[in-house]
file coords_38.cif (mmCIF, C-alpha atoms and all ligand atoms)
data_target
loop_
_atom_site.label_atom_id
_atom_site.label_comp_id
_atom_site.auth_asym_id
_atom_site.auth_seq_id
_atom_site.Cartn_x
_atom_site.Cartn_y
_atom_site.Cartn_z
CA MET H 1 93.27 102.09 105.04
CA LYS H 2 95.35 104.01 102.55
CA MET H 3 93.69 103.51 99.16
CA THR H 4 96.08 103.40 96.22
CA PHE H 5 96.05 102.30 92.57
CA ARG H 6 98.69 100.40 90.63
CA TRP H 7 100.41 102.53 87.99
CA PHE H 8 102.88 101.12 85.45
CA GLY H 9 104.42 104.36 84.21
CA GLU H 10 103.54 106.73 81.37
CA ASN H 11 104.67 104.47 78.54
CA SER H 12 103.19 101.28 79.92
CA ASP H 13 99.76 102.17 81.17
CA THR H 14 96.55 103.22 79.45
CA VAL H 15 95.53 104.90 82.69
CA SER H 16 96.98 108.34 83.46
CA LEU H 17 97.97 109.78 86.81
CA LYS H 18 95.39 112.50 86.25
CA GLN H 19 92.64 109.91 85.95
CA ILE H 20 93.84 108.18 89.09
CA ARG H 21 93.90 111.50 90.94
CA GLN H 22 90.25 112.01 90.00
CA ILE H 23 89.07 108.81 91.70
CA PRO H 24 87.64 109.97 95.04
CA GLY H 25 89.65 108.79 98.04
CA VAL H 26 92.64 107.41 96.12
CA SER H 27 95.66 109.09 97.63
CA GLY H 28 98.59 107.31 96.07
CA ILE H 29 99.87 104.71 93.69
CA MET H 30 101.75 101.45 93.87
CA GLY H 31 104.50 102.06 91.34
CA PHE H 32 106.70 100.03 89.08
CA LEU H 33 109.63 100.62 86.73
CA ASP H 34 108.50 98.29 83.98
CA TYR H 35 111.82 98.25 82.12
CA LYS H 36 113.96 96.88 84.95
CA ALA H 37 115.08 93.27 84.68
CA ALA H 38 115.27 91.09 87.81
CA GLY H 39 118.60 91.58 89.54
CA GLU H 40 119.32 95.06 88.13
CA VAL H 41 119.87 98.04 90.42
CA TRP H 42 117.06 100.60 90.29
CA GLU H 43 119.09 103.76 89.89
CA GLU H 44 118.39 106.90 91.88
CA SER H 45 117.79 109.04 88.81
CA GLU H 46 115.17 106.60 87.48
CA ILE H 47 113.38 106.45 90.81
CA LYS H 48 113.48 110.21 91.23
CA ARG H 49 111.97 110.77 87.81
CA PHE H 50 109.14 108.34 88.51
CA VAL H 51 108.40 109.60 92.03
CA ASP H 52 108.56 113.28 91.01
CA GLN H 53 106.06 112.62 88.28
CA VAL H 54 103.65 110.95 90.71
CA HIS H 55 104.04 113.79 93.22
CA ARG H 56 103.41 116.41 90.55
CA ALA H 57 100.08 114.70 89.90
CA GLY H 58 99.17 115.18 93.57
CA LEU H 59 99.58 111.54 94.54
CA ALA H 60 101.78 109.73 97.06
CA CYS H 61 104.28 107.08 96.02
CA GLU H 62 105.16 105.03 99.08
CA VAL H 63 104.77 101.53 97.68
CA ILE H 64 106.67 99.90 94.82
CA GLU H 65 105.73 96.54 93.30
CA SER H 66 107.57 93.80 91.54
CA VAL H 67 111.16 94.50 92.46
CA ASN H 68 111.75 91.04 91.11
CA VAL H 69 114.10 88.61 92.77
CA HIS H 70 116.72 87.17 90.44
CA GLU H 71 116.31 83.47 89.68
CA ASP H 72 119.88 82.76 90.93
CA ILE H 73 118.75 83.81 94.43
CA LYS H 74 115.79 81.44 94.35
CA LEU H 75 118.03 78.69 93.01
CA GLY H 76 120.71 79.39 95.62
CA LEU H 77 123.51 79.73 93.05
CA PRO H 78 126.89 81.24 94.04
CA THR H 79 126.13 84.30 91.87
CA ARG H 80 123.28 85.20 94.22
CA ASP H 81 125.46 87.39 96.44
CA ARG H 82 125.92 89.89 93.63
CA TYR H 83 122.17 90.08 93.07
CA ILE H 84 121.48 90.42 96.79
CA ALA H 85 123.94 93.31 96.94
CA ASN H 86 122.10 94.90 94.01
CA TYR H 87 118.80 94.39 95.77
CA CYS H 88 120.17 96.17 98.86
CA GLU H 89 121.28 99.06 96.71
CA THR H 90 117.82 99.26 95.16
CA ILE H 91 116.26 99.30 98.65
CA ARG H 92 118.54 102.16 99.71
CA ASN H 93 117.77 104.10 96.54
CA LEU H 94 114.02 103.62 96.88
CA ALA H 95 114.12 104.67 100.55
CA LYS H 96 115.79 107.95 99.59
CA TYR H 97 112.69 108.88 97.61
CA GLY H 98 110.15 108.02 100.30
CA ILE H 99 109.32 104.39 99.52
CA LYS H 100 108.08 102.58 102.62
CA VAL H 101 107.01 99.19 101.24
CA ILE H 102 108.44 96.96 98.50
CA ILE H 103 106.25 94.18 97.14
CA TYR H 104 108.05 91.14 95.78
CA ASN H 105 107.39 87.46 95.31
CA PHE H 106 109.45 84.32 95.62
CA MET H 107 107.75 82.20 92.95
CA PRO H 108 110.18 80.13 90.89
CA VAL H 109 110.19 81.06 87.18
CA PHE H 110 106.65 82.36 86.76
CA ASP H 111 104.94 85.33 88.29
CA TRP H 112 101.13 85.15 88.21
CA LEU H 113 99.56 82.92 85.61
CA ARG H 114 96.25 82.66 83.72
CA THR H 115 95.11 80.48 80.84
CA ASP H 116 93.00 83.25 79.24
CA LEU H 117 93.63 86.98 79.68
CA ALA H 118 90.34 88.08 78.12
CA HIS H 119 87.66 85.56 78.88
CA GLU H 120 84.26 86.84 77.82
CA ILE H 121 81.73 86.77 80.65
CA PRO H 122 78.54 85.53 78.97
CA GLU H 123 76.13 87.25 81.37
CA ASP H 124 77.17 90.82 80.55
CA GLY H 125 79.70 90.81 77.69
CA SER H 126 82.57 92.17 79.79
CA ASN H 127 85.77 90.17 80.02
CA SER H 128 88.22 89.19 82.69
CA MET H 129 91.21 86.96 83.27
CA TYR H 130 90.52 83.28 83.59
CA TYR H 131 92.27 80.16 84.82
CA ASP H 132 91.55 76.51 84.19
CA GLU H 133 94.05 74.00 85.51
CA LYS H 134 92.84 71.39 82.99
CA GLU H 135 93.80 73.66 80.09
CA LEU H 136 97.22 74.16 81.62
CA ALA H 137 97.77 70.41 81.63
CA GLY H 138 97.55 70.37 77.84
CA LEU H 139 99.94 73.29 77.32
CA SER H 140 103.69 73.26 77.00
CA VAL H 141 105.52 76.11 78.69
CA MET H 142 106.06 77.79 75.33
CA ASP H 143 102.34 77.46 74.46
CA LEU H 144 101.62 79.24 77.67
CA VAL H 145 104.07 82.00 76.88
CA ARG H 146 102.46 82.51 73.48
CA SER H 147 99.03 82.64 75.04
CA MET H 148 100.16 85.22 77.64
CA GLU H 149 101.86 87.31 74.95
CA GLY H 150 98.94 87.02 72.54
CA GLY H 151 96.44 88.20 75.12
CA SER H 152 98.43 91.01 76.65
CA ASN H 153 97.44 93.73 74.15
CA GLY H 154 101.08 94.41 73.43
CA PHE H 155 102.07 95.12 77.04
CA SER H 156 104.93 93.33 78.67
CA LEU H 157 103.38 91.76 81.76
CA PRO H 158 105.36 91.83 85.01
CA GLY H 159 107.09 88.50 85.36
CA TRP H 160 106.68 87.78 81.64
CA GLU H 161 109.28 90.19 80.30
CA PRO H 162 110.85 89.05 76.98
CA GLU H 163 114.33 88.55 78.47
CA ARG H 164 112.88 86.21 81.12
CA VAL H 165 110.78 84.34 78.61
CA LYS H 166 113.79 83.72 76.33
CA GLU H 167 115.48 81.75 79.11
CA LEU H 168 112.34 80.01 80.33
CA GLU H 169 113.01 76.42 79.35
CA LYS H 170 116.58 76.60 80.62
CA THR H 171 115.47 78.21 83.89
CA LEU H 172 112.81 75.55 84.40
CA SER H 173 115.37 72.77 84.05
CA LEU H 174 117.55 74.34 86.75
CA TYR H 175 114.77 73.68 89.25
CA ASP H 176 114.87 69.92 88.65
CA GLY H 177 115.13 68.22 92.03
CA LEU H 178 114.84 71.43 94.06
CA THR H 179 112.47 70.87 96.99
CA GLN H 180 110.26 73.25 98.94
CA GLU H 181 112.71 73.00 101.84
CA ASP H 182 115.58 73.98 99.52
CA LEU H 183 113.59 76.94 98.27
CA LEU H 184 112.86 78.00 101.84
CA THR H 185 116.55 77.79 102.72
CA HIS H 186 117.33 80.07 99.77
CA PHE H 187 114.53 82.36 100.87
CA ARG H 188 116.11 82.65 104.34
CA TYR H 189 119.46 83.50 102.81
CA PHE H 190 117.83 86.25 100.75
CA LEU H 191 115.93 87.70 103.72
CA ASP H 192 119.00 87.58 105.97
CA GLY H 193 120.88 89.42 103.23
CA ILE H 194 118.41 92.25 102.70
CA LEU H 195 116.46 92.81 105.93
CA PRO H 196 119.28 94.60 107.81
CA THR H 197 119.30 97.15 104.97
CA CYS H 198 115.51 97.45 105.22
CA GLU H 199 115.71 98.13 108.94
CA GLU H 200 118.42 100.71 108.40
CA CYS H 201 116.29 102.51 105.79
CA GLY H 202 112.81 102.02 107.26
CA VAL H 203 111.49 99.95 104.34
CA LYS H 204 109.23 96.92 104.71
CA MET H 205 109.43 93.96 102.35
CA ALA H 206 105.97 92.60 101.51
CA CYS H 207 105.89 89.09 100.10
CA HIS H 208 103.16 88.53 97.51
CA PRO H 209 101.53 85.07 97.54
CA ASP H 210 101.85 82.58 94.72
CA ASP H 211 99.21 83.09 92.06
CA PRO H 212 97.40 80.77 91.56
CA CYS H 213 98.00 79.56 95.09
CA TRP H 214 99.44 76.06 94.66
CA PRO H 215 102.54 74.58 93.02
CA ILE H 216 102.41 74.49 89.19
CA PHE H 217 104.47 72.72 86.50
CA GLY H 218 106.05 70.60 89.23
CA LEU H 219 107.94 73.64 90.55
CA PRO H 220 108.41 74.06 94.29
CA ARG H 221 106.41 76.95 95.76
CA VAL H 222 106.25 78.16 99.34
CA GLY H 223 103.82 81.10 99.38
CA TYR H 224 100.38 79.57 99.10
CA ASN H 225 98.80 79.02 102.51
CA GLN H 226 98.98 79.93 106.16
CA TYR H 227 101.38 77.12 106.95
CA TRP H 228 103.96 78.34 104.45
CA PHE H 229 103.52 82.00 105.29
CA ASP H 230 104.04 81.17 108.96
CA ARG H 231 107.28 79.54 107.94
CA ILE H 232 108.31 82.50 105.77
CA MET H 233 107.60 84.87 108.64
CA SER H 234 109.66 82.74 111.01
CA LEU H 235 112.65 82.72 108.63
CA ASN H 236 113.57 86.14 109.95
CA SER H 237 111.97 87.94 112.88
CA SER H 238 112.64 91.45 111.56
CA PRO H 239 109.53 93.67 111.62
CA CYS H 240 110.39 94.45 107.99
CA ASN H 241 109.59 90.85 106.99
CA THR H 242 105.92 91.29 106.02
CA ILE H 243 103.20 90.12 103.64
CA CYS H 244 101.34 91.74 100.77
CA LEU H 245 98.06 90.03 101.49
CA CYS H 246 96.50 89.43 98.08
CA THR H 247 92.95 88.17 98.54
CA GLY H 248 92.59 86.95 94.96
CA SER H 249 95.80 84.94 94.97
CA LEU H 250 95.23 83.33 98.36
CA GLY H 251 91.52 82.88 97.73
CA SER H 252 92.15 81.04 94.45
CA ASN H 253 92.99 78.09 96.69
CA ARG H 254 89.69 77.23 98.27
CA GLU H 255 91.38 75.67 101.27
CA ASN H 256 92.51 79.15 102.34
CA ASP H 257 90.22 81.06 104.68
CA VAL H 258 91.25 84.56 103.62
CA PRO H 259 89.54 86.62 106.37
CA ALA H 260 91.05 84.26 108.97
CA MET H 261 94.50 84.69 107.40
CA ILE H 262 94.12 88.47 107.53
CA ARG H 263 93.32 88.21 111.24
CA HIS H 264 96.15 85.76 111.88
CA PHE H 265 98.90 87.77 110.20
CA GLY H 266 97.42 91.21 110.89
CA GLU H 267 97.40 90.56 114.63
CA GLN H 268 101.12 89.81 114.39
CA ASN H 269 101.76 93.05 112.50
CA ARG H 270 102.87 91.11 109.46
CA ILE H 271 100.66 92.72 106.81
CA SER H 272 101.94 95.95 105.33
CA CYS H 273 99.73 96.13 102.26
CA MET H 274 96.84 94.40 100.54
CA HIS H 275 95.67 93.67 97.02
CA ILE H 276 91.93 93.23 97.22
CA ARG H 277 89.88 91.46 94.58
CA ASN H 278 87.21 88.85 94.10
CA ILE H 279 86.92 85.60 92.13
CA ARG H 280 84.07 83.56 90.63
CA PHE H 281 84.71 79.82 90.67
CA TYR H 282 83.49 77.48 87.94
CA GLY H 283 84.92 74.39 89.59
CA GLU H 284 88.06 73.27 91.36
CA ARG H 285 91.05 75.26 90.11
CA LYS H 286 88.85 76.89 87.51
CA PHE H 287 87.86 80.51 87.97
CA ARG H 288 87.47 83.93 86.45
CA GLU H 289 88.26 87.23 88.07
CA ALA H 290 85.20 89.12 89.20
CA ALA H 291 84.19 92.67 90.04
CA HIS H 292 85.22 93.59 93.56
CA ASN H 293 81.65 93.36 94.88
CA SER H 294 80.62 90.24 96.84
CA CYS H 295 77.65 89.77 94.49
CA ASP H 296 79.84 89.20 91.42
CA GLY H 297 82.12 86.52 92.86
CA ASP H 298 82.46 83.91 95.56
CA PHE H 299 84.32 85.84 98.25
CA ASP H 300 82.71 87.46 101.25
CA MET H 301 84.21 90.89 100.66
CA PHE H 302 82.63 92.28 103.80
CA ALA H 303 84.42 89.67 105.92
CA ILE H 304 87.69 90.62 104.19
CA VAL H 305 87.32 94.37 104.73
CA LYS H 306 86.05 93.87 108.27
CA ALA H 307 89.07 91.72 109.15
CA MET H 308 91.40 94.35 107.71
CA HIS H 309 89.58 97.08 109.63
CA ASP H 310 89.87 95.10 112.88
CA VAL H 311 93.52 94.04 112.74
CA CYS H 312 95.47 96.17 110.28
CA PRO H 313 93.53 99.35 109.51
CA ASP H 314 96.62 101.34 108.50
CA VAL H 315 97.76 99.19 105.61
CA TYR H 316 98.14 100.33 102.01
CA VAL H 317 95.40 98.84 99.89
CA ARG H 318 94.71 98.71 96.19
CA PRO H 319 91.98 97.26 94.07
CA ASP H 320 93.47 94.42 92.13
CA HIS H 321 92.73 92.97 88.72
CA GLY H 322 89.49 94.27 87.31
CA ARG H 323 87.30 93.20 84.41
CA MET H 324 87.33 95.09 81.13
CA ILE H 325 84.01 96.90 80.93
CA TRP H 326 82.35 99.66 78.91
CA GLY H 327 84.45 98.88 75.86
CA GLU H 328 87.76 99.66 77.54
CA THR H 329 90.90 97.98 76.24
CA GLY H 330 94.27 97.97 77.95
CA ARG H 331 96.61 95.99 80.09
CA PRO H 332 94.76 92.80 81.15
CA GLY H 333 93.40 93.24 84.66
CA TYR H 334 94.49 96.84 84.84
CA GLY H 335 91.90 98.97 83.11
CA LEU H 336 90.54 102.09 84.76
CA TYR H 337 86.81 101.58 85.11
CA ASP H 338 86.35 98.34 86.98
CA ARG H 339 89.20 99.03 89.36
CA ALA H 340 87.91 102.54 90.03
CA LEU H 341 84.50 101.05 90.84
CA GLY H 342 86.29 98.61 93.14
CA THR H 343 87.91 101.42 95.14
CA GLN H 344 84.53 103.05 95.70
CA TYR H 345 82.96 99.81 96.86
CA LEU H 346 85.81 99.04 99.25
CA MET H 347 85.94 102.55 100.66
CA GLY H 348 82.16 102.68 101.06
CA MET H 349 82.21 99.47 102.99
CA TYR H 350 85.15 100.64 105.08
CA GLU H 351 83.44 103.90 105.99
CA ALA H 352 80.27 102.05 106.97
CA ILE H 353 82.27 99.71 109.20
CA CYS H 354 84.10 102.62 110.86
CA ARG H 355 80.90 104.51 111.54
CA SER H 356 78.70 101.68 112.70
C1 LIG Z 401 99.72 90.90 89.49
C2 LIG Z 401 100.47 91.51 90.62
C3 LIG Z 401 101.83 90.88 90.71
C4 LIG Z 401 102.63 91.40 91.90
C5 LIG Z 401 103.97 90.71 91.97
C6 LIG Z 401 104.81 91.22 93.11
O1 LIG Z 401 98.88 91.50 88.93
O2 LIG Z 401 99.77 91.41 91.80
O3 LIG Z 401 102.51 91.15 89.52
O4 LIG Z 401 102.82 92.76 91.79
O5 LIG Z 401 103.80 89.33 92.08
O6 LIG Z 401 106.09 90.78 92.90
#
call {"tool": "encode", "arguments": {"input": "coords_38.cif", "output": "structure tokens"}}
result
Amino acid sequence: MKMTFRWFGENSDTVSLKQIRQIPGVSGIMGFLDYKAAGEVWEESEIKRFVDQVHRAGLACEVIESVNVHEDIKLGLPTRDRYIANYCETIRNLAKYGIKVIIYNFMPVFDWLRTDLAHEIPEDGSNSMYYDEKELAGLSVMDLVRSMEGGSNGFSLPGWEPERVKELEKTLSLYDGLTQEDLLTHFRYFLDGILPTCEECGVKMACHPDDPCWPIFGLPRVGYNQYWFDRIMSLNSSPCNTICLCTGSLGSNRENDVPAMIRHFGEQNRISCMHIRNIRFYGERKFREAAHNSCDGDFDMFAIVKAMHDVCPDVYVRPDHGRMIWGETGRPGYGLYDRALGTQYLMGMYEAICRS
């Protein structure tokens, strides 16, 4: 297990590289250039600057998140070839600076979604992100955008960048009539277009599950259970076609047996990294994000870490969304304290498993 921490860059994160370096056992970050729009080439000079900075802080930078796939690719429009060529160029540029894994998702229109970014937890006064499908039913897309913007403490959230949001209603209408099978066909075209470059450069693509893990707003989605991930994996047999196994996203759908999915895909060498977090359910499709510990949520975190240990012990791991505790404010889900606690819990458990 290579323990890392997500870092959004010096102007977009309340957490510094120095603080991350001081968390025992954290050896690297999962990075992000927050100012890049989907479809743009990530230039060498930008990547170099980011990676150099991380290295100077004594941390590794082998994983990059949210190299977002342009909507035209998901829609299968003729303009997609240009964006796929750009994506290949980004892969080549990232590889030159030591990136081994790129995390992306193939969710139409929205990235991850919550109905409240700072839900107060009555038991202890901390807060965490919250989702209630019933609330979503009463919201228009623009209401949702306002709620995400209002709760984000001024940060632009990945997948909710202003230029994407501006086009939201138009983009949504382009998906009218598009089926899951269509989306999968477009997914294959994308993978066939980029995976040869990945193989050439030694970079793995890691597909992040849909979050929450079911179709929303009537949009087709294909990354929310074992059936669909089996199909994504069989779209292209390249060893670079892998999964970012996010326990919180997959586990939000209670039909998913997350430890079993780790074993299933890990045994096939299809997991290259993991986002590990826990959830407390309040009902069907109604949950808040919890501390990483089993006792704070509904997941069996031991079963998750044990499965990882048994089938894919070499993956990159990071704690995922944390609560806001001890008065901290910052990017929702991405404060320092709760995530740092999460790393210690996960590493403690991992060490105990290895030594027992
Ligand atoms: C949410 C993250 C996601 C993830 C992207 C990958 O907090 O896990 O933003 O990085 O979906 O494309």
call {"tool": "closest_residue", "arguments": {"input": "coords_38.cif", "among": "H:Thr79, H:Asn241, H:Thr14, H:Ser249", "to": "ligand LIG 401 (chain Z)", "atoms": "all atoms listed in the file"}}
result
H:Ser249
call {"tool": "closest_atom_pairs", "arguments": {"input": "coords_38.cif", "of": "chain H", "to": "ligand LIG 401 (chain Z)", "cutoff": "8 Å", "atoms": "only C-alpha atoms and all ligand atoms", "output": "Markdown table"}}
result
| residue | atom | partner | partner_atom | distance |
| --- | --- | --- | --- | --- |
| H:Glu65 | CA | Z:LIG401 | O4 | 5.0 |
| H:Ser66 | CA | Z:LIG401 | O6 | 3.6 |
| H:Val67 | CA | Z:LIG401 | O6 | 6.3 |
| H:Asn68 | CA | Z:LIG401 | O6 | 5.9 |
| H:Ile103 | CA | Z:LIG401 | C6 | 5.2 |
| H:Tyr104 | CA | Z:LIG401 | O6 | 3.5 |
| H:Asn105 | CA | Z:LIG401 | O6 | 4.3 |
| H:Phe106 | CA | Z:LIG401 | O6 | 7.8 |
| H:Asp111 | CA | Z:LIG401 | O5 | 5.6 |
| H:Trp112 | CA | Z:LIG401 | C1 | 6.1 |
| H:Leu157 | CA | Z:LIG401 | O3 | 7.8 |
| H:Pro158 | CA | Z:LIG401 | O3 | 5.4 |
| H:Gly159 | CA | Z:LIG401 | O3 | 6.7 |
| H:Cys207 | CA | Z:LIG401 | C6 | 7.4 |
| H:His208 | CA | Z:LIG401 | C6 | 5.4 |
| H:Pro209 | CA | Z:LIG401 | O5 | 7.3 |
| H:Asp210 | CA | Z:LIG401 | O5 | 7.5 |
| H:Asp211 | CA | Z:LIG401 | O5 | 7.7 |
| H:Cys246 | CA | Z:LIG401 | O2 | 7.4 |
| H:His275 | CA | Z:LIG401 | O2 | 7.0 |
| H:Asp320 | CA | Z:LIG401 | O1 | 6.9 |
| H:His321 | CA | Z:LIG401 | O1 | 6.3 |
| H:Gly333 | CA | Z:LIG401 | O1 | 7.2 |
call {"tool": "atom_distance", "arguments": {"input": "coords_38.cif", "atom1": "atom CA of H:Phe299", "atom2": "atom CA of H:Phe155"}}
result
29.2 Å
call {"tool": "closest_residue", "arguments": {"input": "coords_38.cif", "among": "H:Glu328, H:Glu43, H:Asp314, H:Asp338", "to": "H:Asn86", "atoms": "all atoms listed in the file"}}
result
H:Glu43
call {"tool": "residues_around", "arguments": {"input": "coords_38.cif", "residues": "H:Glu199", "least_positions_apart": "2", "cutoff": "12 Å", "atoms": "all atoms listed in the file", "output": "MDAnalysis selection string"}}
result
chainID H and resid 88 91:92 95 100:101 191:197 201:205 237:241
call {"tool": "residues_near_point", "arguments": {"input": "coords_38.cif", "point": "(86.5, 91.0, 92.5)", "cutoff": "9 Å", "atoms": "all atoms listed in the file", "output": "ChimeraX atom specification"}}
result
/H:248,276-280,289-294,296-299,301,319-323,342
call {"tool": "closest_residue", "arguments": {"input": "coords_38.cif", "among": "H:Val41, H:Ala57, H:Ala307, H:Cys273", "to": "H:Ala85", "atoms": "only C-alpha atoms"}}
result
H:Val41
call {"tool": "atom_distance", "arguments": {"input": "coords_38.cif", "atom1": "atom CA of H:Gly151", "atom2": "atom CA of H:Phe217"}}
result
20.8 Å
call {"tool": "axis_aligned_box", "arguments": {"input": "coords_38.cif", "around": "stretch 342-355 of chain H", "padding_each_side": "8 Å", "output": "JSON"}}
result
{"center_x": 84.1, "center_y": 101.6, "center_z": 102.3, "size_x": 23.6, "size_y": 21.9, "size_z": 34.4}
call {"tool": "closest_residue", "arguments": {"input": "coords_38.cif", "among": "H:Glu161, H:Ala260, H:Asn11, H:Thr4", "to": "H:Gly25", "atoms": "all atoms listed in the file"}}
result
H:Thr4
call {"tool": "closest_residue", "arguments": {"input": "coords_38.cif", "among": "H:His264, H:Met324, H:Lys2, H:Thr185", "to": "H:Glu120", "atoms": "all atoms listed in the file"}}
result
H:Met324
call {"tool": "closest_residue", "arguments": {"input": "coords_38.cif", "among": "H:Leu336, H:Arg331, H:Gln180, H:Pro212", "to": "H:Leu117", "atoms": "only C-alpha atoms"}}
result
H:Arg331
call {"tool": "residues_around", "arguments": {"input": "coords_38.cif", "residues": "H:Met261", "least_positions_apart": "2", "cutoff": "12 Å", "atoms": "only C-alpha atoms", "output": "PyMOL selection string"}}
result
chain H and resi 224-230+243-247+250-251+255-259+263-268+270-271+303-304+307-308+311-312
call {"tool": "write_last_selection", "arguments": {"input": "coords_38.cif", "atoms": "C-alpha atoms", "output": "PDB file, in the frame of the given file"}}
result
ATOM      1  CA  TYR H 224     100.380  79.570  99.100  1.00  0.00           C
ATOM      2  CA  ASN H 225      98.800  79.020 102.510  1.00  0.00           C
ATOM      3  CA  GLN H 226      98.980  79.930 106.160  1.00  0.00           C
ATOM      4  CA  TYR H 227     101.380  77.120 106.950  1.00  0.00           C
ATOM      5  CA  TRP H 228     103.960  78.340 104.450  1.00  0.00           C
ATOM      6  CA  PHE H 229     103.520  82.000 105.290  1.00  0.00           C
ATOM      7  CA  ASP H 230     104.040  81.170 108.960  1.00  0.00           C
ATOM      8  CA  ILE H 243     103.200  90.120 103.640  1.00  0.00           C
ATOM      9  CA  CYS H 244     101.340  91.740 100.770  1.00  0.00           C
ATOM     10  CA  LEU H 245      98.060  90.030 101.490  1.00  0.00           C
ATOM     11  CA  CYS H 246      96.500  89.430  98.080  1.00  0.00           C
ATOM     12  CA  THR H 247      92.950  88.170  98.540  1.00  0.00           C
ATOM     13  CA  LEU H 250      95.230  83.330  98.360  1.00  0.00           C
ATOM     14  CA  GLY H 251      91.520  82.880  97.730  1.00  0.00           C
ATOM     15  CA  GLU H 255      91.380  75.670 101.270  1.00  0.00           C
ATOM     16  CA  ASN H 256      92.510  79.150 102.340  1.00  0.00           C
ATOM     17  CA  ASP H 257      90.220  81.060 104.680  1.00  0.00           C
ATOM     18  CA  VAL H 258      91.250  84.560 103.620  1.00  0.00           C
ATOM     19  CA  PRO H 259      89.540  86.620 106.370  1.00  0.00           C
ATOM     20  CA  ARG H 263      93.320  88.210 111.240  1.00  0.00           C
ATOM     21  CA  HIS H 264      96.150  85.760 111.880  1.00  0.00           C
ATOM     22  CA  PHE H 265      98.900  87.770 110.200  1.00  0.00           C
ATOM     23  CA  GLY H 266      97.420  91.210 110.890  1.00  0.00           C
ATOM     24  CA  GLU H 267      97.400  90.560 114.630  1.00  0.00           C
ATOM     25  CA  GLN H 268     101.120  89.810 114.390  1.00  0.00           C
ATOM     26  CA  ARG H 270     102.870  91.110 109.460  1.00  0.00           C
ATOM     27  CA  ILE H 271     100.660  92.720 106.810  1.00  0.00           C
ATOM     28  CA  ALA H 303      84.420  89.670 105.920  1.00  0.00           C
ATOM     29  CA  ILE H 304      87.690  90.620 104.190  1.00  0.00           C
ATOM     30  CA  ALA H 307      89.070  91.720 109.150  1.00  0.00           C
ATOM     31  CA  MET H 308      91.400  94.350 107.710  1.00  0.00           C
ATOM     32  CA  VAL H 311      93.520  94.040 112.740  1.00  0.00           C
ATOM     33  CA  CYS H 312      95.470  96.170 110.280  1.00  0.00           C
TER      34      CYS H 312
END
call {"tool": "atom_distance", "arguments": {"input": "coords_38.cif", "atom1": "atom CA of H:Glu284", "atom2": "atom CA of H:Asn127"}}
result
20.5 Å
call {"tool": "residues_near_point", "arguments": {"input": "coords_38.cif", "point": "(89.3, 104.2, 93.2)", "cutoff": "12 Å", "atoms": "only C-alpha atoms", "output": "PyMOL selection string"}}
result
chain H and resi 2-6+19-29+276+292+317-320+322+335-348
call {"tool": "build_atoms", "arguments": {"input": "coords_38.cif", "residues": "stretch 24-35 of chain H", "atoms": "N, CA and C atoms", "output": "PDB file, in the coordinates of the input"}}
result
ATOM      1  N   PRO H  24      87.755 109.480  93.665  1.00  0.00           N
ATOM      2  CA  PRO H  24      87.640 109.970  95.040  1.00  0.00           C
ATOM      3  C   PRO H  24      88.287 109.020  96.045  1.00  0.00           C
ATOM      4  N   GLY H  25      89.086 109.585  96.937  1.00  0.00           N
ATOM      5  CA  GLY H  25      89.650 108.790  98.040  1.00  0.00           C
ATOM      6  C   GLY H  25      90.959 108.093  97.717  1.00  0.00           C
ATOM      7  N   VAL H  26      91.358 108.064  96.449  1.00  0.00           N
ATOM      8  CA  VAL H  26      92.640 107.410  96.120  1.00  0.00           C
ATOM      9  C   VAL H  26      93.754 108.430  96.345  1.00  0.00           C
ATOM     10  N   SER H  27      94.669 108.086  97.259  1.00  0.00           N
ATOM     11  CA  SER H  27      95.660 109.090  97.630  1.00  0.00           C
ATOM     12  C   SER H  27      97.055 108.794  97.101  1.00  0.00           C
ATOM     13  N   GLY H  28      97.238 107.617  96.533  1.00  0.00           N
ATOM     14  CA  GLY H  28      98.590 107.310  96.070  1.00  0.00           C
ATOM     15  C   GLY H  28      98.586 106.173  95.078  1.00  0.00           C
ATOM     16  N   ILE H  29      99.765 105.834  94.623  1.00  0.00           N
ATOM     17  CA  ILE H  29      99.870 104.710  93.690  1.00  0.00           C
ATOM     18  C   ILE H  29     100.814 103.639  94.256  1.00  0.00           C
ATOM     19  N   MET H  30     100.719 102.459  93.674  1.00  0.00           N
ATOM     20  CA  MET H  30     101.750 101.450  93.870  1.00  0.00           C
ATOM     21  C   MET H  30     102.502 101.431  92.541  1.00  0.00           C
ATOM     22  N   GLY H  31     103.750 101.808  92.580  1.00  0.00           N
ATOM     23  CA  GLY H  31     104.500 102.060  91.340  1.00  0.00           C
ATOM     24  C   GLY H  31     105.346 100.904  90.878  1.00  0.00           C
ATOM     25  N   PHE H  32     105.944 101.107  89.715  1.00  0.00           N
ATOM     26  CA  PHE H  32     106.700 100.030  89.080  1.00  0.00           C
ATOM     27  C   PHE H  32     107.563 100.630  87.981  1.00  0.00           C
ATOM     28  N   LEU H  33     108.820 100.239  87.895  1.00  0.00           N
ATOM     29  CA  LEU H  33     109.630 100.620  86.730  1.00  0.00           C
ATOM     30  C   LEU H  33     109.611  99.402  85.819  1.00  0.00           C
ATOM     31  N   ASP H  34     108.793  99.483  84.780  1.00  0.00           N
ATOM     32  CA  ASP H  34     108.500  98.290  83.980  1.00  0.00           C
ATOM     33  C   ASP H  34     109.683  97.801  83.150  1.00  0.00           C
ATOM     34  N   TYR H  35     110.716  98.642  83.010  1.00  0.00           N
ATOM     35  CA  TYR H  35     111.820  98.250  82.120  1.00  0.00           C
ATOM     36  C   TYR H  35     112.985  97.605  82.872  1.00  0.00           C
TER      37      TYR H  35
END
